[in-house]
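Listing of model.cif; format and content: mmCIF, C-alpha atoms.
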data_work
loop_
_atom_site.label_atom_id
_atom_site.label_comp_id
_atom_site.auth_asym_id
_atom_site.auth_seq_id
_atom_site.Cartn_x
_atom_site.Cartn_y
_atom_site.Cartn_z
CA MET A 1387 0.00 0.00 0.00
CA GLN A 1388 3.01 2.25 0.12
CA SER A 1389 4.00 2.19 -3.52
CA ASP A 1390 0.76 2.05 -5.41
CA GLU A 1391 1.44 4.73 -7.98
CA GLY A 1392 2.25 3.90 -11.56
CA HIS A 1393 2.88 0.18 -11.64
CA ALA A 1394 0.21 -1.21 -9.39
CA ASP A 1395 0.31 -4.65 -10.97
CA PHE A 1396 3.90 -5.25 -9.96
CA ASP A 1397 4.22 -7.37 -6.84
CA ALA A 1398 7.72 -8.01 -5.60
CA THR A 1399 6.62 -10.73 -3.19
CA LYS A 1400 5.71 -12.92 -6.15
CA ILE A 1401 9.34 -13.07 -7.26
CA THR A 1402 10.81 -16.30 -5.94
CA ARG A 1403 12.78 -17.76 -8.82
CA PRO A 1404 14.95 -16.17 -11.50
CA ASP A 1405 13.52 -16.20 -14.98
CA PRO A 1406 14.67 -18.97 -17.39
CA ALA A 1407 16.19 -16.19 -19.48
CA LEU A 1408 18.88 -15.95 -16.82
CA PHE A 1409 20.02 -19.46 -17.59
CA ARG A 1410 20.16 -18.68 -21.29
CA TYR A 1411 22.24 -15.63 -20.42
CA TYR A 1412 24.57 -17.77 -18.31
CA VAL A 1413 24.99 -20.20 -21.18
CA LEU A 1414 25.75 -17.44 -23.66
CA SER A 1415 28.16 -15.62 -21.41
CA SER A 1416 29.99 -18.81 -20.54
CA LEU A 1417 30.25 -19.71 -24.24
CA LEU A 1418 32.07 -16.42 -24.70
CA THR A 1419 34.88 -17.69 -22.51
CA GLY A 1420 35.76 -20.28 -25.14
CA PRO A 1421 37.52 -23.40 -23.83
CA LEU A 1422 36.73 -22.47 -20.25
CA THR A 1423 32.99 -22.87 -20.89
CA PRO A 1424 32.32 -25.98 -18.73
CA PHE A 1425 34.25 -24.56 -15.80
CA VAL A 1426 32.29 -21.34 -15.96
CA LEU A 1427 28.91 -22.82 -16.79
CA ILE A 1428 28.66 -25.50 -14.11
CA PRO A 1429 28.89 -23.13 -11.12
CA LEU A 1430 26.50 -20.75 -12.85
CA TRP A 1431 24.10 -23.59 -13.52
CA CYS A 1432 24.23 -24.62 -9.86
CA ARG A 1433 23.59 -21.06 -8.91
CA TYR A 1434 20.68 -20.81 -11.28
CA ILE A 1435 18.87 -23.95 -10.15
CA THR A 1436 19.23 -23.17 -6.45
CA LEU A 1437 18.67 -19.43 -6.51
CA ARG A 1438 15.64 -18.38 -4.50
CA TYR A 1439 14.41 -14.90 -3.69
CA LYS A 1440 12.03 -13.92 -0.96
CA PHE A 1441 10.76 -10.38 -0.71
CA ASP A 1442 8.87 -9.58 2.47
CA ASP A 1443 7.71 -6.41 4.16
CA SER A 1444 11.01 -5.44 5.66
CA GLY A 1445 13.69 -6.99 3.51
CA VAL A 1446 14.80 -9.39 0.86
CA SER A 1447 16.50 -12.71 1.34
CA MET A 1448 18.28 -14.64 -1.35
CA ARG A 1449 19.91 -18.01 -1.09
CA TRP A 1450 21.79 -20.26 -3.46
CA GLY A 1451 24.38 -22.99 -3.54
CA VAL A 1452 24.44 -26.75 -3.86
CA LEU A 1453 27.42 -27.78 -1.77
CA PHE A 1454 28.24 -24.47 -0.19
CA ARG A 1455 25.00 -22.73 0.64
CA ARG A 1456 24.71 -19.04 1.10
CA GLU A 1457 21.84 -16.95 2.31
CA VAL A 1458 21.84 -13.18 2.34
CA TYR A 1459 19.23 -11.10 4.08
CA LEU A 1460 19.08 -7.39 3.45
CA THR A 1461 16.75 -4.90 5.08
CA TYR A 1462 15.25 -2.34 2.75
CA ARG A 1463 15.80 0.47 5.22
CA ARG A 1464 19.51 -0.23 5.39
CA LEU A 1465 20.15 -0.06 1.69
CA GLN A 1466 22.65 2.62 0.88
CA ASP A 1467 22.62 2.64 -2.89
CA ILE A 1468 21.01 0.63 -5.64
CA HIS A 1469 22.80 -0.09 -8.90
CA LEU A 1470 21.04 -1.33 -11.96
CA THR A 1471 23.52 -2.68 -14.50
CA ARG A 1472 22.71 -4.12 -17.87
CA ASN A 1473 25.25 -5.04 -20.51
CA ILE A 1474 24.31 -5.43 -24.12
CA LEU A 1475 23.60 -9.16 -23.84
CA GLN A 1476 21.35 -8.58 -20.86
CA ARG A 1477 19.55 -5.79 -22.68
CA TRP A 1478 18.85 -8.05 -25.63
CA MET A 1479 17.46 -10.71 -23.32
CA GLY A 1480 15.49 -8.30 -21.16
CA LEU A 1481 17.56 -8.99 -18.09
CA ALA A 1482 19.34 -6.77 -15.63
CA LYS A 1483 21.49 -7.01 -12.55
CA ILE A 1484 20.47 -5.12 -9.46
CA SER A 1485 23.30 -4.67 -6.97
CA LEU A 1486 22.33 -3.64 -3.49
CA GLN A 1487 24.82 -1.95 -1.18
CA THR A 1488 24.61 -1.60 2.55
CA ALA A 1489 26.99 0.33 4.76
CA SER A 1490 29.47 -2.49 5.06
CA GLY A 1491 33.16 -2.28 4.50
CA SER A 1492 33.44 -4.00 1.17
CA SER A 1493 33.05 -2.31 -2.14
CA GLN A 1494 31.36 -5.37 -3.59
CA ALA A 1495 27.62 -5.46 -3.55
CA GLU A 1496 26.10 -7.26 -0.59
CA GLY A 1497 23.22 -8.55 -2.60
CA VAL A 1498 22.88 -9.10 -6.31
CA ILE A 1499 19.49 -9.76 -7.82
CA GLU A 1500 19.67 -11.30 -11.25
CA GLY A 1501 17.14 -12.74 -13.59
CA VAL A 1502 14.19 -10.49 -12.93
CA LEU A 1503 12.43 -9.36 -16.06
CA GLU A 1504 10.72 -6.41 -14.37
CA ALA A 1505 14.04 -5.06 -13.16
CA GLU A 1506 13.11 -1.41 -13.37
CA GLU A 1507 9.93 -1.95 -11.42
CA LEU A 1508 11.79 -3.95 -8.82
CA ARG A 1509 14.42 -1.24 -8.59
CA ASP A 1510 11.77 1.41 -8.07
CA PHE A 1511 10.11 -0.79 -5.48
CA LEU A 1512 13.37 -1.12 -3.58
CA TYR A 1513 14.04 2.57 -3.98
CA SER A 1514 10.64 3.43 -2.51
CA LYS A 1515 11.52 1.37 0.57
CA MET A 1516 14.91 3.02 1.09
CA ARG A 1517 15.54 5.54 3.79
CA GLY A 1518 14.75 9.05 2.70
CA ALA A 1519 12.58 8.06 -0.21
CA LYS A 1520 9.37 8.63 1.68
CA ASP A 1521 8.34 11.60 3.71
CA THR A 1522 8.04 10.16 7.19
CA THR A 1523 9.91 12.69 9.29
CA THR A 1524 7.23 15.37 9.28
CA THR A 1525 4.91 13.41 11.54
CA ALA A 1526 7.64 13.09 14.10
CA ASN A 1527 8.36 16.78 13.97
CA SER A 1528 4.75 17.86 14.50
CA SER A 1529 4.44 16.30 17.93
CA GLY A 1530 5.99 17.30 21.21
CA HIS A 1531 5.31 21.00 21.65
CA PRO A 1532 6.77 22.26 24.94
CA GLU A 1533 3.41 23.53 26.24
CA ASP A 1534 1.85 20.11 25.71
CA GLN A 1535 4.74 18.52 27.50
CA ALA A 1536 4.20 20.79 30.52
CA ARG A 1537 0.48 20.07 30.57
CA ALA A 1538 1.10 16.34 30.38
CA THR A 1539 3.57 16.46 33.22
CA ALA A 1540 1.20 18.46 35.43
CA ALA A 1541 -1.64 16.05 34.68
CA LEU A 1542 0.48 13.06 35.50
CA GLU A 1543 1.58 14.59 38.78
CA ASP A 1544 -2.02 15.27 39.73
CA ILE A 1545 -2.99 11.70 38.93
CA ARG A 1546 -0.19 10.41 41.07
CA ASP A 1547 -1.17 12.60 44.01
CA ALA A 1548 -4.84 11.72 43.66
CA LEU A 1549 -4.14 8.04 43.55
CA GLN A 1550 -1.88 8.30 46.57
CA GLU A 1551 -4.72 10.00 48.44
CA LEU A 1552 -7.13 7.31 47.26
CA VAL A 1553 -4.86 4.59 48.51
CA ARG A 1554 -4.51 6.27 51.89
CA GLN A 1555 -8.27 6.71 52.21
CA SER A 1556 -9.02 3.13 51.29
CA ALA A 1557 -6.36 1.85 53.65
CA ALA A 1558 -7.57 3.89 56.66
CA PRO A 1559 -10.94 2.03 57.21
CA ASP A 1560 -11.16 -1.49 58.62
CA GLN A 1561 -9.90 -3.98 55.97
CA PRO A 1562 -6.49 -3.04 54.54
CA ALA A 1563 -5.81 -3.85 50.89
CA SER A 1564 -9.27 -5.14 50.12
CA GLU A 1565 -9.19 -4.29 46.43
CA PRO A 1566 -5.69 -4.42 45.11
CA GLY A 1567 -6.82 -5.03 41.55
CA ASP A 1568 -7.95 -1.46 41.03
CA GLN A 1569 -4.54 0.05 41.07
CA SER A 1570 -2.49 -2.48 39.24
CA MET B 1373 40.44 19.86 -55.80
CA ILE B 1374 36.94 20.74 -54.74
CA LEU B 1375 36.62 22.58 -51.47
CA VAL B 1376 33.67 21.29 -49.46
CA PRO B 1377 32.12 24.06 -47.39
CA GLU B 1378 32.47 23.65 -43.65
CA LYS B 1379 28.74 23.75 -43.04
CA ALA B 1380 28.17 20.83 -45.36
CA ILE B 1381 30.74 18.75 -43.49
CA LEU B 1382 29.09 19.65 -40.20
CA ARG B 1383 25.66 18.75 -41.48
CA ALA B 1384 26.89 15.50 -42.98
CA SER B 1385 28.68 14.49 -39.80
CA GLN B 1386 25.61 15.30 -37.73
CA TRP B 1387 23.53 13.23 -40.07
CA CYS B 1388 26.01 10.34 -39.79
CA TYR B 1389 26.01 10.61 -36.04
CA ARG B 1390 22.23 10.56 -35.89
CA GLY B 1391 22.31 7.35 -37.89
CA ILE B 1392 24.78 5.78 -35.50
CA TRP B 1393 22.76 6.99 -32.56
CA GLY B 1394 19.64 5.47 -34.06
CA LEU B 1395 21.51 2.21 -34.54
CA PHE B 1396 22.52 2.20 -30.90
CA THR B 1397 19.09 3.01 -29.54
CA GLN B 1398 17.29 0.60 -31.82
CA TYR B 1399 19.52 -2.45 -31.93
CA MET B 1400 21.77 -2.07 -28.90
CA LEU B 1401 18.78 -0.94 -26.82
CA VAL B 1402 20.53 2.10 -25.45
CA PRO B 1403 17.75 4.10 -23.80
CA ASP B 1404 16.86 7.23 -25.66
CA VAL B 1405 15.17 9.09 -22.83
CA PRO B 1406 16.55 10.25 -19.49
CA PRO B 1407 15.97 7.95 -16.52
CA SER B 1408 12.96 8.66 -14.41
CA LEU B 1409 12.59 8.64 -10.68
CA SER B 1410 9.39 7.05 -9.59
CA GLY B 1411 8.06 4.88 -6.84
CA ALA B 1412 8.57 7.27 -3.97
CA ASP B 1413 7.39 10.76 -3.06
CA ASP B 1414 9.58 12.47 -5.59
CA GLN B 1415 8.78 15.96 -6.68
CA GLN B 1416 10.64 18.41 -8.89
CA VAL B 1417 12.55 15.85 -10.87
CA THR B 1418 15.19 17.48 -13.04
CA ALA B 1419 17.26 15.57 -15.55
CA PHE B 1420 20.38 16.98 -17.13
CA ARG B 1421 23.47 15.96 -19.04
CA PRO B 1422 27.01 17.02 -18.28
CA ALA B 1423 27.79 20.58 -19.28
CA ASP B 1424 28.86 21.43 -22.83
CA GLY B 1425 32.32 22.09 -21.47
CA PHE B 1426 32.63 18.41 -20.66
CA LEU B 1427 32.38 17.60 -24.35
CA SER B 1428 35.09 20.14 -25.16
CA TYR B 1429 37.16 18.78 -22.29
CA LEU B 1430 36.97 15.25 -23.65
CA LYS B 1431 37.70 16.46 -27.16
CA LEU B 1432 40.82 18.30 -26.03
CA PHE B 1433 42.28 15.04 -24.79
CA PHE B 1434 41.10 13.41 -27.99
CA TRP B 1435 43.05 15.90 -30.11
CA ILE B 1436 46.16 15.60 -27.94
CA GLY B 1437 46.04 11.82 -28.26
CA LEU B 1438 45.39 12.06 -31.97
CA PHE B 1439 48.40 14.26 -32.67
CA LEU B 1440 50.71 12.13 -30.53
CA PHE B 1441 49.56 8.80 -31.96
CA ASP B 1442 49.19 9.85 -35.58
CA GLY B 1443 52.44 11.81 -35.42
CA ILE B 1444 54.39 8.75 -34.36
CA VAL B 1445 52.71 6.57 -36.99
CA PHE B 1446 53.31 9.22 -39.66
CA ILE B 1447 57.01 9.49 -38.81
CA LEU B 1448 57.33 5.71 -38.91
CA TRP B 1449 55.64 5.69 -42.31
CA ILE B 1450 58.02 8.33 -43.68
CA VAL B 1451 61.02 6.40 -42.32
CA LEU B 1452 59.70 3.26 -43.95
CA LEU B 1453 59.16 5.06 -47.28
CA VAL B 1454 62.67 6.45 -47.30
CA ASN B 1455 64.39 3.20 -46.37
CA ALA B 1456 62.28 0.63 -48.21
CA TRP B 1457 59.93 2.45 -50.54
CA LYS B 1458 58.37 -0.68 -52.02
CA ILE B 1459 57.19 -2.07 -48.72
CA GLY B 1460 56.24 1.44 -47.70
CA LEU B 1461 53.99 1.90 -50.69
CA ILE B 1462 52.34 -1.47 -50.21
CA LEU B 1463 51.66 -0.79 -46.57
CA THR B 1464 50.41 2.76 -47.19
CA PRO B 1465 46.65 1.98 -47.09
CA LEU B 1466 47.07 -0.09 -43.94
CA ILE B 1467 49.06 2.64 -42.17
CA TRP B 1468 46.58 5.31 -43.14
CA ALA B 1469 43.74 3.13 -41.91
CA ILE B 1470 45.54 2.70 -38.58
CA MET B 1471 45.89 6.47 -38.44
CA ILE B 1472 42.32 7.38 -39.31
CA ILE B 1473 39.87 4.67 -38.18
CA PRO B 1474 40.62 4.74 -34.42
CA ASP B 1475 40.24 8.51 -34.48
CA ILE B 1476 36.77 8.30 -35.96
CA VAL B 1477 35.76 5.58 -33.52
CA ALA B 1478 37.11 7.54 -30.57
CA TYR B 1479 35.40 10.73 -31.70
CA ILE B 1480 32.06 8.97 -32.02
CA ALA B 1481 32.61 7.26 -28.68
CA ILE B 1482 33.11 10.63 -27.01
CA HIS B 1483 29.79 11.84 -28.34
CA LEU B 1484 28.07 8.61 -27.41
CA ARG B 1485 29.51 8.82 -23.93
CA TYR B 1486 28.23 12.34 -23.59
CA ASP B 1487 24.79 11.48 -24.92
CA THR B 1488 24.32 8.43 -22.71
CA THR B 1489 25.26 10.19 -19.49
CA TRP B 1490 22.31 11.44 -17.52
CA TYR B 1491 21.94 12.83 -14.04
CA VAL B 1492 18.55 13.08 -12.40
CA LEU B 1493 17.99 15.01 -9.21
CA SER B 1494 14.75 15.06 -7.29
CA ASP B 1495 14.02 16.57 -3.93
CA ARG B 1496 14.99 13.38 -2.13
CA SER B 1497 17.28 11.30 -4.27
CA MET B 1498 19.58 11.25 -7.23
CA ARG B 1499 20.03 8.84 -10.06
CA MET B 1500 22.99 8.63 -12.41
CA ARG B 1501 23.17 6.73 -15.64
CA ARG B 1502 26.26 6.16 -17.70
CA GLY B 1503 27.66 3.69 -20.16
CA ILE B 1504 27.19 2.55 -23.71
CA TRP B 1505 27.90 -1.18 -23.69
CA ILE B 1506 27.30 -1.65 -20.01
CA ILE B 1507 24.76 0.77 -18.70
CA HIS B 1508 25.02 1.59 -15.01
CA GLU B 1509 22.22 3.25 -13.16
CA THR B 1510 22.89 4.30 -9.59
CA THR B 1511 20.20 5.45 -7.20
CA ILE B 1512 21.08 7.15 -3.93
CA THR B 1513 18.80 9.00 -1.55
CA TYR B 1514 20.13 12.20 -0.02
CA GLU B 1515 19.49 10.72 3.42
CA ASN B 1516 22.17 8.14 2.76
CA ILE B 1517 24.83 10.46 1.43
CA GLN B 1518 27.67 10.89 3.89
CA ASN B 1519 29.79 13.47 2.13
CA ILE B 1520 30.18 15.32 -1.10
CA SER B 1521 33.48 16.16 -2.70
CA ILE B 1522 33.95 18.49 -5.61
CA ARG B 1523 37.05 18.16 -7.76
CA GLN B 1524 38.32 20.44 -10.44
CA GLY B 1525 41.60 20.36 -12.29
CA PRO B 1526 43.14 23.32 -14.11
CA ILE B 1527 41.89 22.16 -17.51
CA GLN B 1528 38.46 21.47 -16.10
CA ARG B 1529 38.46 24.97 -14.60
CA HIS B 1530 39.16 26.39 -18.03
CA PHE B 1531 36.07 24.63 -19.37
CA GLY B 1532 34.01 25.52 -16.31
CA ILE B 1533 33.21 21.97 -15.29
CA THR B 1534 33.67 19.98 -12.09
CA ASP B 1535 33.43 16.40 -10.97
CA VAL B 1536 31.09 15.88 -8.06
CA VAL B 1537 31.44 12.67 -6.04
CA VAL B 1538 28.90 11.75 -3.41
CA ASP B 1539 29.76 8.97 -1.00
CA THR B 1540 27.50 6.77 1.03
CA ALA B 1541 28.53 4.86 4.12
CA GLY B 1542 30.79 1.89 3.65
CA GLY B 1543 34.25 1.48 2.29
CA GLY B 1544 36.36 0.30 -0.54
CA ALA B 1545 34.75 2.46 -3.16
CA THR B 1546 37.72 4.13 -4.81
CA GLY B 1547 40.28 1.42 -5.19
CA LYS B 1548 43.31 1.14 -7.36
CA HIS B 1549 41.26 1.32 -10.51
CA GLY B 1550 40.05 4.78 -9.64
CA GLU B 1551 37.09 5.82 -11.69
CA SER B 1552 35.96 2.41 -12.85
CA GLN B 1553 35.62 1.32 -9.25
CA THR B 1554 33.66 4.43 -8.41
CA VAL B 1555 30.87 3.32 -10.70
CA LEU B 1556 29.80 0.45 -8.51
CA GLY B 1557 31.16 1.37 -5.10
CA HIS B 1558 29.53 3.23 -2.28
CA SER B 1559 29.46 6.40 -4.27
CA GLY B 1560 27.97 8.25 -7.14
CA LEU B 1561 29.90 10.31 -9.65
CA LEU B 1562 28.54 13.34 -11.42
CA GLU B 1563 31.18 14.00 -14.01
CA GLY B 1564 31.62 17.24 -15.86
CA VAL B 1565 28.76 19.22 -14.40
CA SER B 1566 28.68 22.98 -14.28
CA ASN B 1567 26.18 23.34 -11.44
CA SER B 1568 28.19 21.78 -8.62
CA GLU B 1569 27.38 24.72 -6.34
CA GLU B 1570 23.68 24.04 -6.78
CA ILE B 1571 24.10 20.37 -5.99
CA ARG B 1572 26.16 21.17 -2.94
CA SER B 1573 23.69 23.68 -1.55
CA LEU B 1574 20.83 21.27 -2.26
CA LEU B 1575 22.60 18.58 -0.26
CA LEU B 1576 23.43 21.01 2.55
CA THR B 1577 19.79 21.96 2.97
CA LYS B 1578 18.80 18.29 2.92
CA TRP B 1579 21.33 17.50 5.61
CA GLN B 1580 20.13 20.39 7.76
CA ASP B 1581 16.55 19.15 7.55
CA SER B 1582 17.52 15.57 8.22
CA ARG B 1583 17.81 14.38 11.77
CA SER B 1584 19.61 11.13 11.19
CA GLY B 1585 23.17 10.07 10.65
CA GLY B 1586 22.38 8.39 7.38
CA LEU B 1587 23.33 4.93 8.55
CA GLY B 1588 20.01 3.18 8.41
CA ASP B 1589 18.91 4.40 11.82
CA GLU B 1590 15.15 4.28 12.08
CA THR B 1591 14.53 6.14 15.32
CA ASP B 1592 14.19 9.43 13.48
CA THR B 1593 11.26 8.34 11.38
CA ASP B 1594 9.07 5.65 12.82
CA HIS B 1595 8.98 6.40 16.52
CA PRO B 1596 7.59 9.83 17.36
CA SER B 1597 7.11 8.80 21.02
CA ALA B 1598 10.59 9.95 21.90
CA SER B 1599 9.61 13.57 21.47
CA GLY B 1600 6.52 13.60 23.76
CA PHE B 1601 2.73 13.52 23.82
CA THR B 1602 0.36 14.78 21.21
CA THR B 1603 -2.39 17.23 22.08
CA GLU B 1604 -4.87 14.40 21.97
CA GLN B 1605 -2.90 12.40 24.51
CA VAL B 1606 -2.71 15.38 26.84
CA GLY B 1607 -6.46 15.77 26.72
CA LEU B 1608 -6.83 12.12 27.61
CA LEU B 1609 -4.49 12.44 30.52
CA GLU B 1610 -6.36 15.44 31.81
CA ASP B 1611 -9.62 13.48 31.69
CA VAL B 1612 -8.05 10.74 33.74
CA ARG B 1613 -6.84 13.29 36.22
CA ASN B 1614 -10.27 14.82 36.59
CA LEU B 1615 -11.77 11.43 37.21
CA ALA B 1616 -9.20 10.60 39.81
CA VAL B 1617 -9.64 13.92 41.56
CA ARG B 1618 -13.39 13.44 41.67
CA LEU B 1619 -12.86 10.00 43.20
CA VAL B 1620 -10.71 11.50 45.91
CA SER B 1621 -13.03 14.36 46.77
CA ARG B 1622 -16.08 12.07 47.08
#

What is this structure when it is put down as structure tokens?
Amino acid sequence: MQSDEGHADFDATKITRPDPALFRYYVLSSLLTGPLTPFVLIPLWCRYITLRYKFDDSGVSMRWGVLFRREVYLTYRRLQDIHLTRNILQRWMGLAKISLQTASGSSQAEGVIEGVLEAEELRDFLYSKMRGAKDTTTTANSSGHPEDQARATAALEDIRDALQELVRQSAAPDQPASEPGDQS
Amino acid sequence: MILVPEKAILRASQWCYRGIWGLFTQYMLVPDVPPSLSGADDQQVTAFRPADGFLSYLKLFFWIGLFLFDGIVFILWIVLLVNAWKIGLILTPLIWAIMIIPDIVAYIAIHLRYDTTWYVLSDRSMRMRRGIWIIHETTITYENIQNISIRQGPIQRHFGITDVVVDTAGGGATGKHGESQTVLGHSGLLEGVSNSEEIRSLLLTKWQDSRSGGLGDETDTDHPSASGFTTEQVGLLEDVRNLAVRLVSR
């Protein structure tokens, strides 16, 4: 309900698997390496068949790997910058690579999303969840006037005094602590 | 020898370039329009290219390189002609091709580089696009920018352009490869812009309005309770007080 302008039909939570076009791209790009093709293609194939994405309300998790498994979880709010990269092969196949950076020490991207055909929509979705993309600070600024603070403090003090008096009055007659549930 | 008027050459080269540009946008799928910023509460989106001076700046280095490279090749060709004129004559077309074709390619590449570079600024984020074969698009919100550095060399000063680099938190952005690393690191590069002062003042006002450190801290946005009660809450508290006081006085 936060990003319902423009592309309302795009739903990031439906993205779980990379598109088959990604595998075709892997095959083509590994063929470009010539004799090294099998050595390049097999890890990429393993990555492709095990790659899973999960977009939820607060972040995205991606996991892959057959022997050595990896899972990366990134929170939308902690994204620092989003890079959308497409080389000419990826453009022809309608693919793109979205690199997500958090404030960690490495210059490499912490999360790389590949094989999504609606890459621009996904990028805009991620961008709308980033810090600073939405106007949320104004509500925080509007509250907390000093006069309201003073009134609240005075009211609280009065409540405390009144309740103390109430306790003393109810304790003075015969049965002490007859109704402890009222003040809990 | 027929002298071709300068205007005709200009028009013809522009026409050629438009054809190449059309080829790139149609078959290489280079986007023809500036990137947009959508999905968030963006207002006042402005898209611009590097300043015209950036083109002149690139072309200056192009001409320097051309004279150095072609000069060396030309001298070699003359030496070859003098010493072994038969081989020299046979190799003449090849040598002239080596002298001319890279220049044309480089000149076109400069224009393509200029035409594919876009910077988009909105009131809350910036997006940079660059690249011909590999197109990079970087999106950074102002909230996440840690610092801005403005660089200008003497030749850039002559052309009135500056390089603006904005950095986000995190390290390892500018490594040993310099600029090529900057493209994908924790930073964004606005190369050859003439309005660096505007960008800087825009960022300064954003930082003054912002109340966070730009490190993903969420206390500034989602939890207004730290700053106190609303008027509504105060009214509620006063009601409770009145009730309690009435209870006491009864």

Can you spell out as a short mmCIF file (atom, residue, chain, number, x, y, z; two decimals) with C-alpha atoms, in the frame of the given file the set of residues that the PyMOL selection byres ((chain A and resi 1447-1463) around 7) selects in the structure I just provided?
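File written: expr-v5.cif
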data_model
loop_
_atom_site.label_atom_id
_atom_site.label_comp_id
_atom_site.auth_asym_id
_atom_site.auth_seq_id
_atom_site.Cartn_x
_atom_site.Cartn_y
_atom_site.Cartn_z
CA CYS A 1432 24.23 -24.62 -9.86
CA ARG A 1433 23.59 -21.06 -8.91
CA THR A 1436 19.23 -23.17 -6.45
CA LEU A 1437 18.67 -19.43 -6.51
CA ARG A 1438 15.64 -18.38 -4.50
CA TYR A 1439 14.41 -14.90 -3.69
CA LYS A 1440 12.03 -13.92 -0.96
CA PHE A 1441 10.76 -10.38 -0.71
CA SER A 1444 11.01 -5.44 5.66
CA GLY A 1445 13.69 -6.99 3.51
CA VAL A 1446 14.80 -9.39 0.86
CA ARG A 1464 19.51 -0.23 5.39
CA LEU A 1465 20.15 -0.06 1.69
CA GLY A 1497 23.22 -8.55 -2.60
CA LEU A 1512 13.37 -1.12 -3.58
CA LYS A 1515 11.52 1.37 0.57
CA MET A 1516 14.91 3.02 1.09
CA ARG A 1517 15.54 5.54 3.79
CA GLY B 1588 20.01 3.18 8.41
#

Legend entry - Result set of the PyMOL selection byres ((chain A) within 6 of (chain B)) on the coordinates above, as a ChimeraX atom specification: /A:1389,1463-1464,1466-1474,1489-1493,1510,1514,1518-1520,1522-1523,1526,1529-1530,1538,1541,1545,1548,1552

Inset, instruction - Using the chain letters and residue numbers of this document, give as an MDAnalysis selection string the residues selected by the PyMOL selection byres ((chain A and resi 1499) around 7). - result: chainID A and resid 1483:1485 1497:1498 1500:1501

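The two atoms in question, CA of Gln1386 in chain B and CA of Leu1484 in chain B, are spaced 12.5 Å apart.
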
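Excluding range 1518-1533 of chain B itself and same-chain residues fewer than 5 positions from it, the residues having an atom within 9 Å of it are Pro1422, Ala1423, Asp1424, Gly1425, Phe1426, Ser1428, Tyr1429, Val1538, Asp1539, Thr1540, Ala1541, Glu1563, Gly1564, Val1565, Ser1566, Asn1567, Ser1568, Arg1572, Leu1575, Gly1585, Gly1586 and Leu1587 of chain B, counting all atoms listed in the file.
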
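Between CA of Leu1508 in chain A and CA of Gln1398 in chain B lies a distance of 24.1 Å.
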
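Of note, CA of Pro1474 in chain B and CA of Asp1487 in chain B are spaced 19.7 Å apart.
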
Inset, instruction - Tell me which protein, DNA and RNA residues are within 9 Å of His1483 in chain B, counting all atoms listed in the file, leaving out same-chain ones fewer than 4 positions away, and put them as a list in words. - result: Tyr1389, Leu1427, Ala1478, Tyr1479, Asp1487 and Thr1488 of chain B

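If you measure from each of A:Ala1495, A:Val1553, A:Ala1536, A:Leu1503 to Leu1408 in chain A using all atoms listed in the file, the closest one turns out to be A:Leu1503.
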
Once you add 4 Å to each side, what are the centre and edge lengths of the axis-aligned box holding all listed atoms of range 1495-1501 of chain A? One decimal in Å, as lines of an AutoDock Vina configuration file, if you can.
center_x = 22.4
center_y = -9.1
center_z = -7.1
size_x = 18.5
size_y = 15.3
size_z = 21.0

Should you be able to, write range 1472-1500 of chain B of this structure into a file that contains C-alpha atoms, as a compact mmCIF listing (two decimals), in the first residue's frame.
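Once everything was written out, this is decode-v5.txt:
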# COMPACT_ATOMS: atom_id res chain seq x y z
CA ILE B 1472 42.32 7.38 -39.31
CA ILE B 1473 39.87 4.67 -38.18
CA PRO B 1474 40.62 4.74 -34.42
CA ASP B 1475 40.24 8.51 -34.48
CA ILE B 1476 36.77 8.30 -35.96
CA VAL B 1477 35.76 5.58 -33.52
CA ALA B 1478 37.11 7.54 -30.57
CA TYR B 1479 35.40 10.73 -31.70
CA ILE B 1480 32.06 8.97 -32.02
CA ALA B 1481 32.61 7.26 -28.68
CA ILE B 1482 33.11 10.63 -27.01
CA HIS B 1483 29.79 11.84 -28.34
CA LEU B 1484 28.07 8.61 -27.41
CA ARG B 1485 29.51 8.82 -23.93
CA TYR B 1486 28.23 12.34 -23.59
CA ASP B 1487 24.79 11.48 -24.92
CA THR B 1488 24.32 8.43 -22.71
CA THR B 1489 25.26 10.19 -19.49
CA TRP B 1490 22.31 11.44 -17.52
CA TYR B 1491 21.94 12.83 -14.04
CA VAL B 1492 18.55 13.08 -12.40
CA LEU B 1493 17.99 15.01 -9.21
CA SER B 1494 14.75 15.06 -7.29
CA ASP B 1495 14.02 16.57 -3.93
CA ARG B 1496 14.99 13.38 -2.13
CA SER B 1497 17.28 11.30 -4.27
CA MET B 1498 19.58 11.25 -7.23
CA ARG B 1499 20.03 8.84 -10.06
CA MET B 1500 22.99 8.63 -12.41
